[in-house]
Structure formats: C-alpha cells, structure tokens
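K.L.:
Data: data.txt, compact mmCIF, N, CA and C atoms.
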```
# COMPACT_ATOMS: atom_id res chain seq x y z
N MET A 1 -58.00 16.00 61.19
CA MET A 1 -57.57 16.74 60.07
C MET A 1 -56.72 15.83 59.18
N ARG A 2 -57.01 15.84 57.95
CA ARG A 2 -56.32 15.01 56.99
C ARG A 2 -55.32 15.85 56.21
N ARG A 3 -54.13 15.26 56.06
CA ARG A 3 -53.11 15.93 55.25
C ARG A 3 -53.28 15.51 53.81
N ARG A 4 -53.08 16.46 52.98
CA ARG A 4 -53.14 16.15 51.56
C ARG A 4 -51.75 15.73 51.10
N VAL A 5 -51.69 14.67 50.42
CA VAL A 5 -50.43 14.18 49.87
C VAL A 5 -50.43 14.53 48.39
N HIS A 6 -49.40 15.28 48.01
CA HIS A 6 -49.26 15.63 46.59
C HIS A 6 -48.33 14.63 45.93
N ARG A 7 -48.83 13.96 45.01
CA ARG A 7 -47.99 13.02 44.28
C ARG A 7 -47.35 13.76 43.11
N VAL A 8 -46.03 13.60 43.06
CA VAL A 8 -45.29 14.23 41.98
C VAL A 8 -45.13 13.20 40.87
N ALA A 9 -45.49 13.64 39.69
CA ALA A 9 -45.35 12.73 38.55
C ALA A 9 -43.86 12.53 38.24
N ARG A 10 -43.46 11.28 38.16
CA ARG A 10 -42.07 10.96 37.86
C ARG A 10 -41.97 10.47 36.43
N PRO A 11 -40.85 10.76 35.81
CA PRO A 11 -40.66 10.20 34.46
C PRO A 11 -40.65 8.67 34.52
N ASP A 12 -40.87 8.06 33.39
CA ASP A 12 -40.96 6.60 33.31
C ASP A 12 -39.68 5.90 33.73
N ARG A 13 -38.54 6.54 33.57
CA ARG A 13 -37.28 5.87 33.88
C ARG A 13 -37.02 5.78 35.37
N HIS A 14 -37.74 6.50 36.18
CA HIS A 14 -37.49 6.48 37.61
C HIS A 14 -38.12 5.25 38.24
N GLY A 15 -37.42 4.72 39.22
CA GLY A 15 -37.94 3.59 39.96
C GLY A 15 -38.88 4.07 41.05
N ARG A 16 -39.31 3.19 41.87
CA ARG A 16 -40.28 3.56 42.90
C ARG A 16 -39.68 4.41 44.01
N HIS A 17 -38.34 4.42 44.12
CA HIS A 17 -37.68 5.22 45.15
C HIS A 17 -37.23 6.57 44.63
N GLY A 18 -37.62 6.92 43.43
CA GLY A 18 -37.30 8.22 42.89
C GLY A 18 -35.93 8.34 42.24
N ARG A 19 -35.22 7.22 42.15
CA ARG A 19 -33.90 7.24 41.52
C ARG A 19 -34.01 6.74 40.09
N LEU A 20 -32.99 7.10 39.33
CA LEU A 20 -32.95 6.61 37.96
C LEU A 20 -32.64 5.12 37.95
N ASP A 21 -33.15 4.45 36.94
CA ASP A 21 -32.78 3.05 36.77
C ASP A 21 -31.29 2.96 36.48
N ARG A 22 -30.72 1.85 36.82
CA ARG A 22 -29.30 1.67 36.54
C ARG A 22 -29.07 1.47 35.05
N SER A 23 -27.99 2.05 34.61
CA SER A 23 -27.68 1.90 33.18
C SER A 23 -26.82 0.66 32.98
N SER A 24 -26.75 0.24 31.76
CA SER A 24 -25.92 -0.92 31.45
C SER A 24 -24.45 -0.53 31.54
N VAL A 25 -23.59 -1.51 31.71
CA VAL A 25 -22.16 -1.25 31.82
C VAL A 25 -21.61 -0.75 30.50
N VAL A 26 -22.05 -1.34 29.42
CA VAL A 26 -21.58 -0.93 28.10
C VAL A 26 -22.62 -0.02 27.49
N ARG A 27 -22.22 1.17 27.22
CA ARG A 27 -23.14 2.17 26.66
C ARG A 27 -23.33 1.93 25.16
N PRO A 28 -24.37 2.47 24.56
CA PRO A 28 -24.63 2.24 23.14
C PRO A 28 -23.50 2.60 22.18
N PRO A 29 -22.71 3.67 22.40
CA PRO A 29 -21.65 3.93 21.42
C PRO A 29 -20.56 2.85 21.38
N LEU A 30 -20.43 2.07 22.43
CA LEU A 30 -19.42 1.02 22.49
C LEU A 30 -20.12 -0.33 22.61
N PRO A 31 -20.44 -0.95 21.50
CA PRO A 31 -21.13 -2.24 21.59
C PRO A 31 -20.22 -3.30 22.20
N ALA A 32 -20.84 -4.24 22.85
CA ALA A 32 -20.10 -5.30 23.51
C ALA A 32 -19.40 -6.19 22.47
N ILE A 33 -18.22 -6.67 22.84
CA ILE A 33 -17.51 -7.60 21.98
C ILE A 33 -18.06 -8.99 22.29
N GLU A 34 -18.67 -9.60 21.29
CA GLU A 34 -19.34 -10.86 21.57
C GLU A 34 -18.82 -12.03 20.74
N THR A 35 -18.40 -11.78 19.54
CA THR A 35 -18.02 -12.90 18.69
C THR A 35 -16.56 -13.28 18.92
N ARG A 36 -16.24 -14.51 18.60
CA ARG A 36 -14.85 -14.97 18.73
C ARG A 36 -13.93 -14.21 17.77
N ALA A 37 -14.45 -13.90 16.60
CA ALA A 37 -13.64 -13.16 15.61
C ALA A 37 -13.28 -11.78 16.14
N GLU A 38 -14.24 -11.10 16.78
CA GLU A 38 -13.97 -9.77 17.33
C GLU A 38 -12.96 -9.85 18.48
N LYS A 39 -13.10 -10.85 19.32
CA LYS A 39 -12.14 -11.02 20.42
C LYS A 39 -10.75 -11.34 19.88
N PHE A 40 -10.70 -12.17 18.84
CA PHE A 40 -9.42 -12.52 18.22
C PHE A 40 -8.77 -11.27 17.64
N ASP A 41 -9.53 -10.47 16.89
CA ASP A 41 -8.99 -9.25 16.29
C ASP A 41 -8.49 -8.28 17.35
N LEU A 42 -9.21 -8.15 18.44
CA LEU A 42 -8.79 -7.25 19.52
C LEU A 42 -7.49 -7.74 20.16
N THR A 43 -7.38 -9.03 20.40
CA THR A 43 -6.16 -9.59 21.00
C THR A 43 -4.97 -9.43 20.07
N VAL A 44 -5.16 -9.70 18.80
CA VAL A 44 -4.08 -9.51 17.82
C VAL A 44 -3.69 -8.04 17.78
N GLY A 45 -4.66 -7.15 17.77
CA GLY A 45 -4.38 -5.72 17.70
C GLY A 45 -3.57 -5.21 18.88
N THR A 46 -3.89 -5.66 20.09
CA THR A 46 -3.13 -5.20 21.26
C THR A 46 -1.72 -5.76 21.26
N ALA A 47 -1.55 -7.01 20.82
CA ALA A 47 -0.20 -7.58 20.74
C ALA A 47 0.63 -6.86 19.68
N VAL A 48 0.01 -6.52 18.56
CA VAL A 48 0.71 -5.81 17.50
C VAL A 48 1.12 -4.42 17.96
N GLU A 49 0.23 -3.73 18.68
CA GLU A 49 0.58 -2.41 19.22
C GLU A 49 1.80 -2.50 20.12
N PHE A 50 1.83 -3.51 20.98
CA PHE A 50 2.98 -3.68 21.87
C PHE A 50 4.25 -3.92 21.06
N LEU A 51 4.18 -4.81 20.08
CA LEU A 51 5.36 -5.13 19.28
C LEU A 51 5.85 -3.92 18.48
N ARG A 52 4.93 -3.17 17.91
CA ARG A 52 5.33 -1.99 17.14
C ARG A 52 5.96 -0.92 18.02
N SER A 53 5.49 -0.80 19.24
CA SER A 53 6.09 0.20 20.13
C SER A 53 7.47 -0.24 20.61
N ALA A 54 7.71 -1.54 20.68
CA ALA A 54 8.99 -2.04 21.16
C ALA A 54 10.02 -2.27 20.05
N TRP A 55 9.55 -2.54 18.84
CA TRP A 55 10.44 -2.87 17.73
C TRP A 55 10.17 -1.97 16.54
N PRO A 56 11.03 -1.00 16.29
CA PRO A 56 10.82 -0.09 15.15
C PRO A 56 10.77 -0.80 13.80
N GLU A 57 11.39 -1.97 13.69
CA GLU A 57 11.39 -2.72 12.43
C GLU A 57 9.99 -3.21 12.05
N LEU A 58 9.08 -3.25 13.02
CA LEU A 58 7.73 -3.75 12.76
C LEU A 58 6.71 -2.64 12.50
N ARG A 59 7.13 -1.39 12.57
CA ARG A 59 6.17 -0.29 12.43
C ARG A 59 5.53 -0.21 11.06
N ASP A 60 6.24 -0.62 10.03
CA ASP A 60 5.69 -0.57 8.67
C ASP A 60 5.14 -1.90 8.20
N VAL A 61 5.19 -2.90 9.05
CA VAL A 61 4.69 -4.24 8.69
C VAL A 61 3.18 -4.26 8.86
N ARG A 62 2.50 -4.81 7.89
CA ARG A 62 1.04 -4.93 7.95
C ARG A 62 0.68 -6.30 8.52
N PHE A 63 -0.09 -6.30 9.58
CA PHE A 63 -0.58 -7.54 10.20
C PHE A 63 -2.04 -7.72 9.77
N ASP A 64 -2.32 -8.83 9.13
CA ASP A 64 -3.68 -9.14 8.68
C ASP A 64 -4.17 -10.41 9.36
N VAL A 65 -5.49 -10.52 9.46
CA VAL A 65 -6.11 -11.74 10.00
C VAL A 65 -6.88 -12.39 8.87
N GLY A 66 -6.56 -13.64 8.59
CA GLY A 66 -7.27 -14.41 7.58
C GLY A 66 -8.01 -15.55 8.24
N TRP A 67 -8.95 -16.13 7.52
CA TRP A 67 -9.72 -17.24 8.08
C TRP A 67 -8.91 -18.53 8.07
N MET A 68 -8.44 -18.90 6.87
CA MET A 68 -7.72 -20.16 6.68
C MET A 68 -6.59 -19.94 5.70
N PRO A 69 -5.50 -20.69 5.85
CA PRO A 69 -4.44 -20.60 4.84
C PRO A 69 -4.92 -21.23 3.53
N PRO A 70 -4.31 -20.82 2.41
CA PRO A 70 -4.76 -21.38 1.13
C PRO A 70 -4.54 -22.88 1.01
N ALA A 71 -3.48 -23.40 1.63
CA ALA A 71 -3.20 -24.84 1.55
C ALA A 71 -2.33 -25.24 2.73
N SER A 72 -2.33 -26.51 3.03
CA SER A 72 -1.45 -27.00 4.09
C SER A 72 -0.06 -27.22 3.49
N ASP A 73 0.94 -27.30 4.38
CA ASP A 73 2.31 -27.53 3.91
C ASP A 73 2.83 -28.82 4.52
N ALA A 74 4.12 -29.06 4.43
CA ALA A 74 4.71 -30.30 4.94
C ALA A 74 4.57 -30.43 6.46
N ASP A 75 4.48 -29.29 7.16
CA ASP A 75 4.34 -29.31 8.62
C ASP A 75 2.89 -29.38 9.07
N GLY A 76 1.95 -29.36 8.17
CA GLY A 76 0.54 -29.38 8.53
C GLY A 76 -0.13 -28.09 8.10
N ILE A 77 -1.07 -27.65 8.90
CA ILE A 77 -1.80 -26.41 8.60
C ILE A 77 -1.07 -25.24 9.24
N PRO A 78 -0.61 -24.28 8.43
CA PRO A 78 0.12 -23.15 9.02
C PRO A 78 -0.81 -22.23 9.81
N ARG A 79 -0.25 -21.65 10.86
CA ARG A 79 -1.01 -20.72 11.71
C ARG A 79 -0.82 -19.28 11.25
N TRP A 80 0.27 -19.02 10.52
CA TRP A 80 0.55 -17.69 10.00
C TRP A 80 1.39 -17.82 8.74
N SER A 81 1.43 -16.72 7.98
CA SER A 81 2.31 -16.62 6.80
C SER A 81 3.09 -15.32 6.93
N VAL A 82 4.37 -15.39 6.66
CA VAL A 82 5.23 -14.21 6.67
C VAL A 82 5.62 -13.91 5.23
N LEU A 83 5.24 -12.75 4.76
CA LEU A 83 5.57 -12.29 3.42
C LEU A 83 6.50 -11.09 3.56
N ALA A 84 7.80 -11.38 3.74
CA ALA A 84 8.78 -10.34 4.02
C ALA A 84 8.92 -9.34 2.88
N ASP A 85 8.82 -9.82 1.63
CA ASP A 85 8.96 -8.91 0.49
C ASP A 85 7.81 -7.90 0.41
N GLN A 86 6.64 -8.25 0.97
CA GLN A 86 5.48 -7.35 0.99
C GLN A 86 5.34 -6.64 2.34
N GLN A 87 6.23 -6.91 3.28
CA GLN A 87 6.15 -6.41 4.65
C GLN A 87 4.76 -6.71 5.23
N ARG A 88 4.43 -7.98 5.23
CA ARG A 88 3.09 -8.41 5.64
C ARG A 88 3.15 -9.72 6.40
N ILE A 89 2.35 -9.80 7.45
CA ILE A 89 2.19 -11.03 8.23
C ILE A 89 0.70 -11.33 8.27
N ILE A 90 0.33 -12.55 7.93
CA ILE A 90 -1.07 -12.97 7.97
C ILE A 90 -1.22 -14.03 9.05
N LEU A 91 -2.12 -13.80 9.99
CA LEU A 91 -2.44 -14.78 11.04
C LEU A 91 -3.77 -15.43 10.68
N TYR A 92 -3.83 -16.75 10.74
CA TYR A 92 -5.04 -17.48 10.36
C TYR A 92 -5.81 -17.86 11.62
N ARG A 93 -6.99 -17.27 11.74
CA ARG A 93 -7.78 -17.39 12.98
C ARG A 93 -8.25 -18.81 13.25
N LEU A 94 -8.84 -19.48 12.28
CA LEU A 94 -9.42 -20.80 12.55
C LEU A 94 -8.39 -21.84 12.98
N PRO A 95 -7.24 -21.97 12.31
CA PRO A 95 -6.26 -22.95 12.81
C PRO A 95 -5.72 -22.57 14.20
N ILE A 96 -5.53 -21.29 14.45
CA ILE A 96 -5.01 -20.87 15.75
C ILE A 96 -6.00 -21.23 16.85
N GLU A 97 -7.27 -20.91 16.62
CA GLU A 97 -8.27 -21.15 17.67
C GLU A 97 -8.66 -22.62 17.81
N ARG A 98 -8.80 -23.30 16.70
CA ARG A 98 -9.35 -24.66 16.77
C ARG A 98 -8.33 -25.75 16.98
N LEU A 99 -7.10 -25.52 16.57
CA LEU A 99 -6.09 -26.58 16.70
C LEU A 99 -5.20 -26.40 17.92
N ALA A 100 -5.40 -25.34 18.67
CA ALA A 100 -4.60 -25.14 19.88
C ALA A 100 -5.15 -26.01 21.00
N ARG A 101 -4.26 -26.47 21.81
CA ARG A 101 -4.67 -27.30 22.95
C ARG A 101 -4.36 -26.53 24.22
N LEU A 102 -5.39 -25.93 24.77
CA LEU A 102 -5.23 -25.15 26.00
C LEU A 102 -5.37 -26.08 27.19
N HIS A 103 -4.51 -25.89 28.17
CA HIS A 103 -4.67 -26.71 29.38
C HIS A 103 -5.76 -26.13 30.27
N ARG A 104 -6.12 -24.87 30.02
CA ARG A 104 -7.28 -24.25 30.66
C ARG A 104 -8.03 -23.46 29.61
N ALA A 105 -9.29 -23.74 29.44
CA ALA A 105 -10.08 -23.07 28.41
C ALA A 105 -10.77 -21.83 29.00
N ASP A 106 -9.98 -20.84 29.39
CA ASP A 106 -10.55 -19.59 29.88
C ASP A 106 -10.02 -18.44 29.03
N ASP A 107 -10.56 -17.25 29.24
CA ASP A 107 -10.21 -16.10 28.41
C ASP A 107 -8.73 -15.72 28.51
N LEU A 108 -8.16 -15.79 29.69
CA LEU A 108 -6.76 -15.41 29.87
C LEU A 108 -5.83 -16.32 29.07
N HIS A 109 -6.02 -17.62 29.18
CA HIS A 109 -5.15 -18.56 28.46
C HIS A 109 -5.38 -18.50 26.95
N ARG A 110 -6.62 -18.27 26.55
CA ARG A 110 -6.91 -18.12 25.12
C ARG A 110 -6.21 -16.87 24.58
N ARG A 111 -6.26 -15.76 25.32
CA ARG A 111 -5.60 -14.53 24.90
C ARG A 111 -4.08 -14.72 24.83
N MET A 112 -3.52 -15.37 25.82
CA MET A 112 -2.07 -15.61 25.83
C MET A 112 -1.65 -16.51 24.67
N MET A 113 -2.49 -17.48 24.33
CA MET A 113 -2.19 -18.36 23.21
C MET A 113 -2.19 -17.59 21.89
N ILE A 114 -3.18 -16.73 21.70
CA ILE A 114 -3.24 -15.92 20.47
C ILE A 114 -2.05 -14.98 20.41
N GLU A 115 -1.72 -14.34 21.53
CA GLU A 115 -0.57 -13.43 21.56
C GLU A 115 0.73 -14.18 21.26
N SER A 116 0.84 -15.41 21.72
CA SER A 116 2.06 -16.17 21.45
C SER A 116 2.24 -16.42 19.96
N PHE A 117 1.14 -16.65 19.22
CA PHE A 117 1.25 -16.82 17.78
C PHE A 117 1.63 -15.52 17.09
N VAL A 118 1.14 -14.39 17.58
CA VAL A 118 1.53 -13.10 17.02
C VAL A 118 3.03 -12.89 17.24
N PHE A 119 3.51 -13.21 18.43
CA PHE A 119 4.93 -13.06 18.74
C PHE A 119 5.78 -14.00 17.88
N ARG A 120 5.32 -15.23 17.68
CA ARG A 120 6.09 -16.18 16.87
C ARG A 120 6.17 -15.74 15.41
N ALA A 121 5.04 -15.22 14.89
CA ALA A 121 5.04 -14.75 13.50
C ALA A 121 5.96 -13.53 13.35
N ALA A 122 5.90 -12.61 14.30
CA ALA A 122 6.77 -11.43 14.24
C ALA A 122 8.24 -11.84 14.40
N ALA A 123 8.50 -12.82 15.24
CA ALA A 123 9.87 -13.29 15.43
C ALA A 123 10.40 -13.93 14.15
N GLU A 124 9.55 -14.67 13.45
CA GLU A 124 9.99 -15.24 12.17
C GLU A 124 10.29 -14.13 11.17
N TYR A 125 9.48 -13.09 11.16
CA TYR A 125 9.71 -11.96 10.26
C TYR A 125 11.05 -11.29 10.55
N LEU A 126 11.34 -11.12 11.86
CA LEU A 126 12.58 -10.44 12.28
C LEU A 126 13.78 -11.39 12.36
N ASP A 127 13.54 -12.68 12.19
CA ASP A 127 14.57 -13.71 12.32
C ASP A 127 15.20 -13.66 13.71
N ARG A 128 14.32 -13.70 14.72
CA ARG A 128 14.73 -13.68 16.13
C ARG A 128 13.97 -14.76 16.89
N ASP A 129 14.33 -14.91 18.14
CA ASP A 129 13.60 -15.80 19.03
C ASP A 129 12.37 -15.06 19.56
N PRO A 130 11.20 -15.70 19.65
CA PRO A 130 10.01 -15.01 20.16
C PRO A 130 10.19 -14.42 21.56
N TRP A 131 10.99 -15.08 22.41
CA TRP A 131 11.18 -14.57 23.76
C TRP A 131 12.00 -13.28 23.78
N ASP A 132 12.76 -13.03 22.71
CA ASP A 132 13.51 -11.78 22.64
C ASP A 132 12.61 -10.57 22.40
N LEU A 133 11.45 -10.81 21.80
CA LEU A 133 10.57 -9.70 21.44
C LEU A 133 9.89 -9.07 22.65
N GLY A 134 9.54 -9.85 23.61
CA GLY A 134 8.87 -9.33 24.80
C GLY A 134 9.16 -10.18 26.00
N PRO A 135 10.38 -10.11 26.53
CA PRO A 135 10.73 -11.03 27.62
C PRO A 135 9.88 -10.86 28.88
N ASP A 136 9.35 -9.67 29.11
CA ASP A 136 8.54 -9.46 30.30
C ASP A 136 7.03 -9.51 30.02
N ARG A 137 6.67 -9.78 28.81
CA ARG A 137 5.25 -9.72 28.40
C ARG A 137 4.39 -10.75 29.13
N PHE A 138 4.90 -11.96 29.32
CA PHE A 138 4.07 -13.02 29.89
C PHE A 138 4.42 -13.37 31.33
N ARG A 139 5.17 -12.51 31.97
CA ARG A 139 5.48 -12.76 33.39
C ARG A 139 4.47 -12.04 34.26
N PHE A 140 3.99 -12.71 35.26
CA PHE A 140 2.98 -12.13 36.15
C PHE A 140 3.59 -11.75 37.48
```
What does the file become when written as structure tokens?
P.N.:
Amino acid sequence: MRRRVHRVARPDRHGRHGRLDRSSVVRPPLPAIETRAEKFDLTVGTAVEFLRSAWPELRDVRFDVGWMPPASDADGIPRWSVLADQQRIILYRLPIERLARLHRADDLHRRMMIESFVFRAAAEYLDRDPWDLGPDRFRF
C-alpha cells in the first residue's frame, strides 16, 4: 500500500525547511549609514546632544558641518569656526578627518577624535577647558 504525500505549496519566501528566509539586520525604513559624511554627521549630532543636555548655555547654539573653511589662518587650516555673535559653531569635516593622525584607524578612535573636536569648539565658545565640558565622557 502506498501512502499519498500531499505537497503543500509554500510561498516563494519560504526556504526548504518551511521557515521564512532571514531578514536583513537593517530594515528598509532605516537605511544603513555608509558614507563618511553620514557617519561624521551622526557623531557630531550625538556629541552635540550630550553637550546641550549638560550645558544650558549651548541649547540655543547652532552647530553646523561644513566641508572646508574659507581660508587658512596663521595656525594652518582651522578645524572649526566659532561665531559667538551669531550663536553658531561650524565644524569642517575634511580637515578634521584628513589631517588627524589616529594611532589606531578604527571606528572607535575615529569617533572619539571627531567628538574631541566638537568638545574643543564648544569649549572655545564657552571660554572653558574642553575637559570641563564632559569629564567622564571619554573614560571607559
């Protein structure tokens, strides 16, 4: 006696074991951050959020990201500009990324380097030492 085997039609997304295919880690509504500019903007944004939450004087300050400064000065190529009369700080991405000398070229050290420039620019705006702004920020 032969048993009849009924094959159930599976949707195309199912694998051979009847389970759904695995989805990607990043879903379509949240595209992956891939460019250096996007990573830079995200790092600057998180550092600015921290500074604004810790220092009320920075809540109305506008932080902008520019590509390059308009001109070099006596100290070389500036990494940021502080415009206190406009309540504005401009961080220049290309000099920060390309002229920095990292002792380790990994994402953690790159992020810490970018955050340090945000802290230095904010410290210049507030006329304080950068370590006063977030003394526990870089301790592990």
K.L.:
With 7 Å as the threshold, what does the neighbourhood of (6.1, -15.6, 24.0) contain in terms of residues, counting all atoms listed in the file? Coordinates are those of the file; answer as number ranges by chain.
P.N.:
A: 115-117, 119-120, 130-131, 134, 138
K.L.:
Find the residues around segment 69-81 of chain A up to 5 Å (all atoms listed in the file counted), leave out those fewer than 2 positions away in its own chain, and share them as a PyMOL selection string.
P.N.:
chain A and resi 67+83+89-92
K.L.:
Could you save those same residues with N, CA and C atoms as a CSV table (one decimal), in the frame of the given file?
P.N.:
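Output (part_20.csv):
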```csv
chain,number,residue,atom,x,y,z
A,67,TRP,N,-9.0,-16.1,7.5
A,67,TRP,CA,-9.7,-17.2,8.1
A,67,TRP,C,-8.9,-18.5,8.1
A,83,LEU,N,5.2,-12.8,4.8
A,83,LEU,CA,5.6,-12.3,3.4
A,83,LEU,C,6.5,-11.1,3.6
A,89,ILE,N,2.4,-9.8,7.4
A,89,ILE,CA,2.2,-11.0,8.2
A,89,ILE,C,0.7,-11.3,8.3
A,90,ILE,N,0.3,-12.6,7.9
A,90,ILE,CA,-1.1,-13.0,8.0
A,90,ILE,C,-1.2,-14.0,9.0
A,91,LEU,N,-2.1,-13.8,10.0
A,91,LEU,CA,-2.4,-14.8,11.0
A,91,LEU,C,-3.8,-15.4,10.7
A,92,TYR,N,-3.8,-16.8,10.7
A,92,TYR,CA,-5.0,-17.5,10.4
A,92,TYR,C,-5.8,-17.9,11.6
```
K.L.:
Around all the atoms of segment 118-121 of chain A listed in the file, with 8 Å of room on each side, what axis-aligned box do you get, giving centre and edge lengths in Å to one decimal, as JSON?
P.N.:
```
{"center_x": 3.7, "center_y": -14.5, "center_z": 16.0, "size_x": 21.0, "size_y": 19.3, "size_z": 21.4}
```
K.L.:
Tell me which protein, DNA and RNA residues are within 12 Å of Glu57 of chain A, counting only C-alpha atoms, leaving out same-chain ones fewer than 4 positions away, and put them as a ChimeraX atom specification.
P.N.:
/A:51-53,61-62,84,87,122-123,125-127,133
K.L.:
What is the atom CA of Arg88 of chain A-atom CA of Ala100 of chain A distance in Å, reported with one decimal?
P.N.:
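According to the coordinates, atom CA of Arg88 of chain A and atom CA of Ala100 of chain A are separated by 23.3 Å.
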K.L.:
Between atom C of Thr35 of chain A and atom N of Ile96 of chain A, what is the spacing in Å?
P.N.:
14.3 Å
K.L.:
Separation of atom C of Pro56 of chain A and atom C of Glu38 of chain A, in Å?
P.N.:
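These atoms are spaced 25.8 Å apart.
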K.L.:
Run DSSP on the backbone and tell me which residues of segment 69-130 of chain A come out as strand (DSSP E or B); list them as a list in words.
P.N.:
Asp73, Gly76, Trp80, Ser81, Val82, Leu83, Arg88, Ile89, Ile90, Leu91 and Tyr92 of chain A
K.L.:
Please rebuild segment 77-96 of chain A with N, CA, C and O atoms and give the result as a short mmCIF file (atom, residue, chain, number, x, y, z; two decimals), keeping the file's coordinate frame.
P.N.:
```cif
data_model
loop_
_atom_site.label_atom_id
_atom_site.label_comp_id
_atom_site.auth_asym_id
_atom_site.auth_seq_id
_atom_site.Cartn_x
_atom_site.Cartn_y
_atom_site.Cartn_z
N ILE A 77 -1.07 -27.65 8.90
CA ILE A 77 -1.80 -26.41 8.60
C ILE A 77 -1.07 -25.24 9.24
O ILE A 77 -0.91 -25.20 10.45
N PRO A 78 -0.61 -24.28 8.43
CA PRO A 78 0.12 -23.15 9.02
C PRO A 78 -0.81 -22.23 9.81
O PRO A 78 -1.97 -22.08 9.48
N ARG A 79 -0.25 -21.65 10.86
CA ARG A 79 -1.01 -20.72 11.71
C ARG A 79 -0.82 -19.28 11.25
O ARG A 79 -1.60 -18.42 11.56
N TRP A 80 0.27 -19.02 10.52
CA TRP A 80 0.55 -17.69 10.00
C TRP A 80 1.39 -17.82 8.74
O TRP A 80 1.98 -18.86 8.47
N SER A 81 1.43 -16.72 7.98
CA SER A 81 2.31 -16.62 6.80
C SER A 81 3.09 -15.32 6.93
O SER A 81 2.52 -14.28 7.26
N VAL A 82 4.37 -15.39 6.66
CA VAL A 82 5.23 -14.21 6.67
C VAL A 82 5.62 -13.91 5.23
O VAL A 82 6.23 -14.74 4.56
N LEU A 83 5.24 -12.75 4.76
CA LEU A 83 5.57 -12.29 3.42
C LEU A 83 6.50 -11.09 3.56
O LEU A 83 6.07 -9.94 3.55
N ALA A 84 7.80 -11.38 3.74
CA ALA A 84 8.78 -10.34 4.02
C ALA A 84 8.92 -9.34 2.88
O ALA A 84 9.09 -8.15 3.12
N ASP A 85 8.82 -9.82 1.63
CA ASP A 85 8.96 -8.91 0.49
C ASP A 85 7.81 -7.90 0.41
O ASP A 85 7.98 -6.81 -0.10
N GLN A 86 6.64 -8.25 0.97
CA GLN A 86 5.48 -7.35 0.99
C GLN A 86 5.34 -6.64 2.34
O GLN A 86 4.40 -5.88 2.53
N GLN A 87 6.23 -6.91 3.28
CA GLN A 87 6.15 -6.41 4.65
C GLN A 87 4.76 -6.71 5.23
O GLN A 87 4.03 -5.84 5.68
N ARG A 88 4.43 -7.98 5.23
CA ARG A 88 3.09 -8.41 5.64
C ARG A 88 3.15 -9.72 6.40
O ARG A 88 3.92 -10.62 6.04
N ILE A 89 2.35 -9.80 7.45
CA ILE A 89 2.19 -11.03 8.23
C ILE A 89 0.70 -11.33 8.27
O ILE A 89 -0.11 -10.46 8.61
N ILE A 90 0.33 -12.55 7.93
CA ILE A 90 -1.07 -12.97 7.97
C ILE A 90 -1.22 -14.03 9.05
O ILE A 90 -0.52 -15.05 9.03
N LEU A 91 -2.12 -13.80 9.99
CA LEU A 91 -2.44 -14.78 11.04
C LEU A 91 -3.77 -15.43 10.68
O LEU A 91 -4.73 -14.73 10.35
N TYR A 92 -3.83 -16.75 10.74
CA TYR A 92 -5.04 -17.48 10.36
C TYR A 92 -5.81 -17.86 11.62
O TYR A 92 -5.37 -18.67 12.43
N ARG A 93 -6.99 -17.27 11.74
CA ARG A 93 -7.78 -17.39 12.98
C ARG A 93 -8.25 -18.81 13.25
O ARG A 93 -8.10 -19.32 14.36
N LEU A 94 -8.84 -19.48 12.28
CA LEU A 94 -9.42 -20.80 12.55
C LEU A 94 -8.39 -21.84 12.98
O LEU A 94 -8.62 -22.54 13.97
N PRO A 95 -7.24 -21.97 12.31
CA PRO A 95 -6.26 -22.95 12.81
C PRO A 95 -5.72 -22.57 14.20
O PRO A 95 -5.49 -23.46 15.02
N ILE A 96 -5.53 -21.29 14.45
CA ILE A 96 -5.01 -20.87 15.75
C ILE A 96 -6.00 -21.23 16.85
O ILE A 96 -5.65 -21.80 17.88
#
```
